Each structure stands twice: as structure tokens, then as C-alpha cells.
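For reference, final-v4.cif is printed below; it contains mmCIF, C-alpha atoms and all ligand atoms.
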```
data_coords
#
loop_
_atom_site.label_atom_id
_atom_site.label_comp_id
_atom_site.auth_asym_id
_atom_site.auth_seq_id
_atom_site.Cartn_x
_atom_site.Cartn_y
_atom_site.Cartn_z
CA MET A 1 149.20 -74.07 27.51
CA ALA A 2 152.37 -75.88 26.51
CA SER A 3 154.72 -73.94 24.30
CA LEU A 4 155.54 -75.04 20.78
CA SER A 5 159.06 -75.49 19.57
CA GLU A 6 160.04 -74.57 16.04
CA ASP A 7 159.59 -78.24 15.06
CA SER A 8 156.74 -77.96 12.58
CA ASN A 9 156.02 -81.70 12.46
CA ASN A 10 155.27 -81.80 16.17
CA PRO A 11 156.50 -85.33 16.82
CA SER A 12 155.78 -84.93 20.50
CA VAL A 13 152.16 -83.91 20.02
CA THR A 14 149.94 -86.65 21.41
CA ILE A 15 146.42 -87.26 20.15
CA ARG A 16 144.31 -89.07 22.75
CA PRO A 17 140.71 -89.36 23.97
CA ALA A 18 139.54 -86.30 25.89
CA GLU A 19 139.26 -86.55 29.66
CA ARG A 20 137.30 -84.50 32.17
CA ALA A 21 140.48 -82.67 33.22
CA ASP A 22 140.84 -81.37 29.63
CA LEU A 23 137.42 -79.75 29.45
CA LEU A 24 138.32 -76.29 30.74
CA ALA A 25 141.17 -75.97 28.25
CA VAL A 26 138.99 -77.36 25.46
CA HIS A 27 136.28 -74.83 26.24
CA ARG A 28 138.78 -71.95 26.33
CA ILE A 29 140.05 -72.95 22.88
CA GLU A 30 136.46 -73.16 21.64
CA GLN A 31 135.78 -69.64 22.93
CA ALA A 32 138.94 -68.28 21.33
CA ALA A 33 138.20 -69.98 18.00
CA PHE A 34 134.51 -69.38 17.35
CA LYS A 35 132.02 -66.49 17.32
CA GLN A 36 129.28 -68.87 18.51
CA PRO A 37 131.16 -71.22 20.87
CA TRP A 38 129.59 -74.40 22.18
CA PRO A 39 128.77 -74.23 25.91
CA TYR A 40 130.92 -76.17 28.36
CA THR A 41 128.10 -78.67 28.89
CA ALA A 42 128.20 -79.68 25.23
CA PHE A 43 131.75 -80.97 25.71
CA GLU A 44 130.77 -82.74 28.93
CA ARG A 45 128.18 -84.69 26.93
CA PHE A 46 130.85 -85.97 24.52
CA LEU A 47 133.18 -87.25 27.27
CA GLY A 48 133.75 -90.96 26.78
CA GLU A 49 132.83 -90.83 23.08
CA GLN A 50 135.62 -92.15 20.91
CA GLY A 51 135.32 -89.23 18.50
CA PHE A 52 136.23 -86.65 21.15
CA LEU A 53 140.01 -86.30 20.93
CA VAL A 54 142.54 -83.77 22.18
CA ALA A 55 146.00 -82.86 20.97
CA THR A 56 148.40 -82.34 23.86
CA ARG A 57 152.00 -81.43 24.30
CA ASN A 58 153.84 -81.44 27.62
CA GLY A 59 150.50 -81.89 29.34
CA GLY A 60 148.87 -78.84 27.75
CA VAL A 61 145.85 -79.10 25.48
CA LEU A 62 146.58 -77.51 22.08
CA GLY A 63 143.45 -78.50 20.18
CA PHE A 64 140.55 -80.88 19.93
CA VAL A 65 138.13 -82.55 17.55
CA VAL A 66 134.62 -83.91 18.05
CA SER A 67 133.19 -86.38 15.55
CA ASP A 68 130.67 -89.19 15.45
CA VAL A 69 129.13 -91.78 13.15
CA THR A 70 125.39 -92.14 12.58
CA PRO A 71 123.95 -95.42 11.25
CA ASN A 72 122.28 -94.90 7.89
CA HIS A 73 120.96 -98.12 6.35
CA GLY A 74 124.37 -99.58 5.58
CA ARG A 75 125.87 -96.28 4.46
CA ASP A 76 126.85 -94.79 7.79
CA ILE A 77 127.56 -91.07 7.95
CA GLY A 78 130.53 -89.60 9.77
CA HIS A 79 130.28 -86.03 11.00
CA VAL A 80 133.09 -83.71 12.01
CA LYS A 81 131.15 -81.64 14.52
CA ASP A 82 133.89 -79.41 15.91
CA LEU A 83 137.61 -78.87 15.33
CA ALA A 84 139.83 -76.16 16.76
CA VAL A 85 143.44 -75.45 17.60
CA HIS A 86 144.57 -72.83 20.12
CA PRO A 87 145.40 -69.60 18.23
CA ASP A 88 149.03 -69.74 19.46
CA ALA A 89 149.41 -73.31 18.16
CA GLN A 90 147.85 -72.88 14.72
CA GLY A 91 149.89 -73.49 11.60
CA TYR A 92 151.99 -76.33 13.03
CA GLY A 93 150.09 -79.27 11.57
CA ILE A 94 147.98 -80.01 14.65
CA GLY A 95 144.63 -79.35 12.97
CA ARG A 96 145.50 -81.80 10.21
CA GLN A 97 146.63 -84.44 12.73
CA LEU A 98 143.38 -84.10 14.65
CA LEU A 99 141.27 -84.24 11.50
CA GLN A 100 143.13 -87.29 10.17
CA ARG A 101 142.76 -89.17 13.47
CA ALA A 102 139.06 -88.34 13.55
CA LEU A 103 138.62 -89.52 9.95
CA LEU A 104 140.53 -92.72 10.64
CA GLY A 105 138.37 -93.43 13.68
CA MET A 106 135.17 -92.87 11.70
CA TYR A 107 136.45 -95.01 8.82
CA VAL A 108 137.26 -97.88 11.20
CA ASP A 109 133.83 -97.35 12.76
CA GLY A 110 132.20 -97.96 9.37
CA ALA A 111 131.48 -94.49 8.02
CA ALA A 112 131.00 -94.60 4.25
CA ILE A 113 130.92 -90.84 3.88
CA THR A 114 131.85 -87.98 6.20
CA LYS A 115 130.27 -84.55 6.21
CA LEU A 116 130.87 -81.25 7.95
CA GLU A 117 129.76 -77.64 7.89
CA VAL A 118 132.22 -74.78 7.51
CA ARG A 119 131.77 -71.01 7.34
CA ALA A 120 131.91 -69.86 3.74
CA ASN A 121 134.75 -67.41 4.48
CA ASN A 122 136.84 -69.71 6.72
CA GLU A 123 139.74 -70.00 4.29
CA ALA A 124 142.11 -71.90 6.62
CA ALA A 125 139.56 -74.59 7.45
CA LYS A 126 138.36 -74.90 3.85
CA SER A 127 141.93 -75.31 2.65
CA LEU A 128 142.53 -78.05 5.23
CA TYR A 129 139.33 -79.90 4.31
CA TYR A 130 139.84 -79.65 0.55
CA SER A 131 143.38 -80.95 0.92
CA GLU A 132 142.00 -84.00 2.77
CA GLY A 133 139.68 -84.72 -0.17
CA PHE A 134 136.46 -83.00 0.93
CA SER A 135 134.36 -81.24 -1.69
CA GLN A 136 131.39 -78.91 -1.48
CA ILE A 137 127.95 -80.43 -2.00
CA ARG A 138 125.79 -77.53 -0.83
CA ARG A 139 125.82 -73.92 0.32
CA VAL A 140 123.32 -72.94 2.99
CA PRO A 141 122.70 -69.17 3.08
CA ARG A 142 122.43 -67.50 6.51
CA TYR A 143 123.25 -70.75 8.32
CA TYR A 144 125.04 -68.94 11.16
CA GLN A 145 123.49 -66.42 13.56
CA ASP A 146 125.53 -63.56 12.09
CA GLY A 147 124.13 -64.28 8.63
CA GLU A 148 127.14 -66.03 7.16
CA ALA A 149 126.55 -68.97 4.83
CA ALA A 150 127.73 -72.50 5.56
CA LEU A 151 129.29 -74.82 3.05
CA ILE A 152 128.43 -78.49 3.44
CA LEU A 153 131.46 -80.57 2.55
CA THR A 154 131.69 -84.34 2.19
CA VAL A 155 134.34 -86.94 1.51
CA GLU A 156 133.91 -90.58 0.46
CA MET A 157 135.75 -92.55 3.13
CA ASP A 158 137.05 -95.27 0.79
CA GLN A 159 138.66 -92.60 -1.36
CA TRP A 160 140.06 -90.83 1.69
CA ALA A 161 141.52 -94.09 3.06
CA ARG A 162 143.12 -94.93 -0.28
CA SER A 163 144.84 -91.55 -0.47
CA ALA A 164 145.81 -91.38 3.22
C1 LIG B 201 141.15 -74.68 10.92
C2 LIG B 201 142.21 -75.04 11.99
C3 LIG B 201 141.65 -76.14 12.88
C4 LIG B 201 143.47 -75.54 11.29
O1 LIG B 201 144.37 -75.97 12.31
P1 LIG B 201 145.95 -75.72 12.18
O2 LIG B 201 146.63 -76.55 13.19
O3 LIG B 201 146.22 -74.27 12.19
O4 LIG B 201 146.20 -76.27 10.70
P2 LIG B 201 147.49 -77.07 10.18
O5 LIG B 201 148.71 -76.37 10.63
O6 LIG B 201 147.32 -78.49 10.48
O7 LIG B 201 147.35 -76.82 8.61
C5 LIG B 201 146.59 -77.72 7.84
C6 LIG B 201 146.13 -77.02 6.59
O8 LIG B 201 145.19 -76.00 6.91
C7 LIG B 201 145.30 -74.93 5.97
N1 LIG B 201 145.67 -73.73 6.68
C8 LIG B 201 146.08 -73.62 7.96
N2 LIG B 201 146.26 -72.34 8.29
C9 LIG B 201 145.96 -71.62 7.18
C10 LIG B 201 145.91 -70.23 6.89
N3 LIG B 201 146.25 -69.29 7.79
N4 LIG B 201 145.51 -69.85 5.64
C11 LIG B 201 145.16 -70.77 4.71
N5 LIG B 201 145.19 -72.10 4.95
C12 LIG B 201 145.58 -72.51 6.16
C13 LIG B 201 146.37 -75.34 4.97
O9 LIG B 201 145.74 -76.08 3.95
C14 LIG B 201 147.21 -76.29 5.82
O10 LIG B 201 147.92 -77.21 5.04
P3 LIG B 201 149.45 -76.90 4.64
O11 LIG B 201 150.17 -76.67 5.93
O12 LIG B 201 149.86 -78.14 3.93
O13 LIG B 201 149.41 -75.69 3.79
C15 LIG B 201 142.58 -73.79 12.84
O14 LIG B 201 142.91 -72.74 11.95
C16 LIG B 201 141.49 -73.32 13.77
O15 LIG B 201 141.37 -73.80 14.90
N6 LIG B 201 140.69 -72.33 13.33
C17 LIG B 201 139.62 -71.79 14.17
C18 LIG B 201 138.51 -72.79 14.37
C19 LIG B 201 137.96 -73.29 13.05
O16 LIG B 201 137.74 -72.54 12.10
N7 LIG B 201 137.69 -74.62 13.00
C20 LIG B 201 137.10 -75.26 11.84
C21 LIG B 201 135.64 -75.18 11.92
S1 LIG B 201 134.84 -75.88 10.50
#
```

This entry written out as C-alpha cells:
Amino acid sequence: MASLSEDSNNPSVTIRPAERADLLAVHRIEQAAFKQPWPYTAFERFLGEQGFLVATRNGGVLGFVVSDVTPNHGRDIGHVKDLAVHPDAQGYGIGRQLLQRALLGMYVDGAAITKLEVRANNEAAKSLYYSEGFSQIRRVPRYYQDGEAALILTVEMDQWARSA
């Protein structure tokens, strides 16, 4: 992967739609980031979807996000389905950039509300989501295979857009 400089704002990080050539790197990041990683084929299915974005620097993939919008009788629901940054690139603002670009895309696409699931003890992700305006609406015990609970978080997109 591309190396990071000490520049914490990462002005040269590019967020763009994922391409087939990114999939191996995306899958490696997924495997490094999660106990129950998605299979490679899951990412193949999202190729071409506008909510599948990668963060790159100097040609290397540093992170990715997968999101989509589901029609829901005039109150469409956005869903952040997956978000991860390579362990060596975490803490440099890339996760927030990816999340914000995904939220903007879903807002433009008409999402009225966006939801996601996060492990109850994933402090870094929870902190990121709360700081973007998400709040907990539900806790689902034993949601994950290892028995950990999931928190269901949502954000009203109008509110998010006003504060962005
Ligand atoms: C969650 C994740 C995507 C954040 O990406 P990142 O690039 O490291 O995060 P950023 O540098 O953009 O930081 C954004 C915010 O996340 C939170 N955060 C990041 N690292 C943190 C840590 N080690 N401890 C607590 N909060 C942390 C902070 O709120 C931070 O905001 P701040 O810099 O203003 O304090 C990344 O840690 C990751 O890939 N984790 C493994 C996969 C995962 O858990 N994905 C989420 C699934 S729901």
C-alpha cells in the first residue's frame, strides 16, 4: 500500500468509485479489519454501484466504504454496509472522509435517514459515527457470530446535511 506522510489532513487522498483492480486490496483490508470478513465475491457484486468507494493515495488503496439507498415509500433509507481503513492508515482522517462522501452520496440520492450496525465494543467506529450525528436506536444482543451485540445507529440526513 502507499505510505502515509505525517500530513494528518491527507490532502492527496483521493476518494473515487471502486474498480475491479482495487478488489484484491479492498478484500485484504476487509480481512485485516474484521473478525467475520465479507468474501471477495461480495465486493465483486458491488462493483459499479455508486456507494462503493475507495480512498487511494499514490495508487494504493487505503480504505473503502460500501453504502446504498433503499426506496421506502418516500422516506428512503441509506445504509452504511461496510467501512474500513487499512490498519497502517488508521487515525489520519480517512475513515471520516469515506463516511462523509458516502453520506453525501446517499443524501443526494434521496435518503431521508441512514442506518448502520456497529459492534457494541467498537469504540473507534462508534466515536466516528456519533461525531457525524448518528445516535443509537436499538441494541441487538448476540448479533455477531462470536456473541457480541450490535448497536443500530441512525442519522436524519437533513440534520446531517445542515451540520456538514
Ligand atoms: C472505524 C475506522 C473506519 C475509522 O477510520 P480512521 O481512518 O482510523 O478514522 P479517522 O482517522 O477518520 O478518525 C475519525 C474519528 O474516528 C474516531 N476514532 C478513530 N480512531 C479512534 C481510536 N483509536 N479510538 C477512539 N476513537 C477513534 C474519532 O472520533 C475520530 O475523530 P477525531 O480524529 O476527530 O478524534 C477504522 O478504525 C477501521 O477501519 N476500523 C476497523 C473496521 C471497522 O471497525 N469498521 C467500522 C465497522 S461498523

Point to revise | Within 10 Å of ligand LIG 201 (chain B), counting all atoms listed in the file, residues as a PyMOL selection string | key: chain A and resi 8-9+29-35+37+62-65+80-100+116-132+150-153

Check your understanding: When you draw a straight line from atom CA of Gly78 of chain A to atom CA of Ile113 of chain A, how long is it in Å?
Key -> 6.0 Å

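The nearest approach to Val69 of chain A among the residues A:Gln50, A:Ser135, A:Thr154, A:Ser12, with all atoms listed in the file taken into account, belongs to A:Gln50.
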
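Taking atom CA of Leu103 of chain A as the reference point, atom CA of Ala25 of chain A is found at 22.9 Å.
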
Point to revise | Coordinates-based distance that separates atom CA of His27 of chain A from atom CA of Thr56 of chain A (Å, one decimal) | key: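 Rounded to one decimal, the two atoms are 14.5 Å apart.
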
**Study point:** Arg75 of chain A surroundings by only C-alpha atoms, 9 Å radius, close-in-sequence under 2 positions cut, as a PyMOL selection string
**Key:** chain A and resi 71-73+77+110-113

With C-alpha atoms kept, could you save the residues just selected as a CSV table (one decimal), in the frame of the given file?
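The new file again37.csv reads:
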```csv
chain,number,residue,atom,x,y,z
A,71,PRO,CA,124.0,-95.4,11.2
A,72,ASN,CA,122.3,-94.9,7.9
A,73,HIS,CA,121.0,-98.1,6.4
A,77,ILE,CA,127.6,-91.1,8.0
A,110,GLY,CA,132.2,-98.0,9.4
A,111,ALA,CA,131.5,-94.5,8.0
A,112,ALA,CA,131.0,-94.6,4.2
A,113,ILE,CA,130.9,-90.8,3.9
```

Practice item. Have a look at A:Ala42, A:Leu24, A:Ala161, A:Val155 and name the one nearest to Arg101 of chain A; count all atoms listed in the file. Key: A:Ala161

Review point. Which one is closest to Asp22 of chain A: A:Met106, A:Val61, A:Glu148, A:Leu47? Count all atoms listed in the file.
Key: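 Ranking A:Met106, A:Val61, A:Glu148, A:Leu47 by distance to Asp22 of chain A, first place goes to A:Val61.
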
How big is the axis-aligned box around the listed atoms of segment 72-78 of chain A once 5 Å is added on each side, and where is its centre? Give both in Å to one decimal, as JSON.
```
{"center_x": 125.7, "center_y": -94.6, "center_z": 7.1, "size_x": 19.6, "size_y": 20.0, "size_z": 15.3}
```

Where atoms are missing, can you supply N, CA and C atoms for segment 95-106 of chain A and output the lot as a PDB file, in the coordinates of the input?
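Full text of part_30.pdb as output:
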```
ATOM      1  N   GLY A  95     145.991 -79.208  13.486  1.00  0.00           N
ATOM      2  CA  GLY A  95     144.630 -79.350  12.970  1.00  0.00           C
ATOM      3  C   GLY A  95     144.531 -80.532  12.014  1.00  0.00           C
ATOM      4  N   ARG A  96     145.520 -80.674  11.151  1.00  0.00           N
ATOM      5  CA  ARG A  96     145.500 -81.800  10.210  1.00  0.00           C
ATOM      6  C   ARG A  96     145.623 -83.136  10.962  1.00  0.00           C
ATOM      7  N   GLN A  97     146.505 -83.190  11.953  1.00  0.00           N
ATOM      8  CA  GLN A  97     146.630 -84.440  12.730  1.00  0.00           C
ATOM      9  C   GLN A  97     145.323 -84.819  13.396  1.00  0.00           C
ATOM     10  N   LEU A  98     144.660 -83.822  13.980  1.00  0.00           N
ATOM     11  CA  LEU A  98     143.380 -84.100  14.650  1.00  0.00           C
ATOM     12  C   LEU A  98     142.336 -84.560  13.650  1.00  0.00           C
ATOM     13  N   LEU A  99     142.269 -83.866  12.511  1.00  0.00           N
ATOM     14  CA  LEU A  99     141.270 -84.240  11.500  1.00  0.00           C
ATOM     15  C   LEU A  99     141.538 -85.655  10.985  1.00  0.00           C
ATOM     16  N   GLN A 100     142.807 -85.962  10.704  1.00  0.00           N
ATOM     17  CA  GLN A 100     143.130 -87.290  10.170  1.00  0.00           C
ATOM     18  C   GLN A 100     142.805 -88.398  11.175  1.00  0.00           C
ATOM     19  N   ARG A 101     143.089 -88.147  12.458  1.00  0.00           N
ATOM     20  CA  ARG A 101     142.760 -89.170  13.470  1.00  0.00           C
ATOM     21  C   ARG A 101     141.258 -89.350  13.599  1.00  0.00           C
ATOM     22  N   ALA A 102     140.524 -88.237  13.489  1.00  0.00           N
ATOM     23  CA  ALA A 102     139.060 -88.340  13.550  1.00  0.00           C
ATOM     24  C   ALA A 102     138.541 -89.120  12.344  1.00  0.00           C
ATOM     25  N   LEU A 103     139.063 -88.820  11.165  1.00  0.00           N
ATOM     26  CA  LEU A 103     138.620 -89.520   9.950  1.00  0.00           C
ATOM     27  C   LEU A 103     138.958 -91.002  10.023  1.00  0.00           C
ATOM     28  N   LEU A 104     140.141 -91.307  10.516  1.00  0.00           N
ATOM     29  CA  LEU A 104     140.530 -92.720  10.640  1.00  0.00           C
ATOM     30  C   LEU A 104     139.572 -93.451  11.592  1.00  0.00           C
ATOM     31  N   GLY A 105     139.279 -92.815  12.710  1.00  0.00           N
ATOM     32  CA  GLY A 105     138.370 -93.430  13.680  1.00  0.00           C
ATOM     33  C   GLY A 105     136.990 -93.676  13.072  1.00  0.00           C
ATOM     34  N   MET A 106     136.497 -92.714  12.307  1.00  0.00           N
ATOM     35  CA  MET A 106     135.170 -92.870  11.700  1.00  0.00           C
ATOM     36  C   MET A 106     135.198 -93.934  10.605  1.00  0.00           C
TER      37      MET A 106
END
```
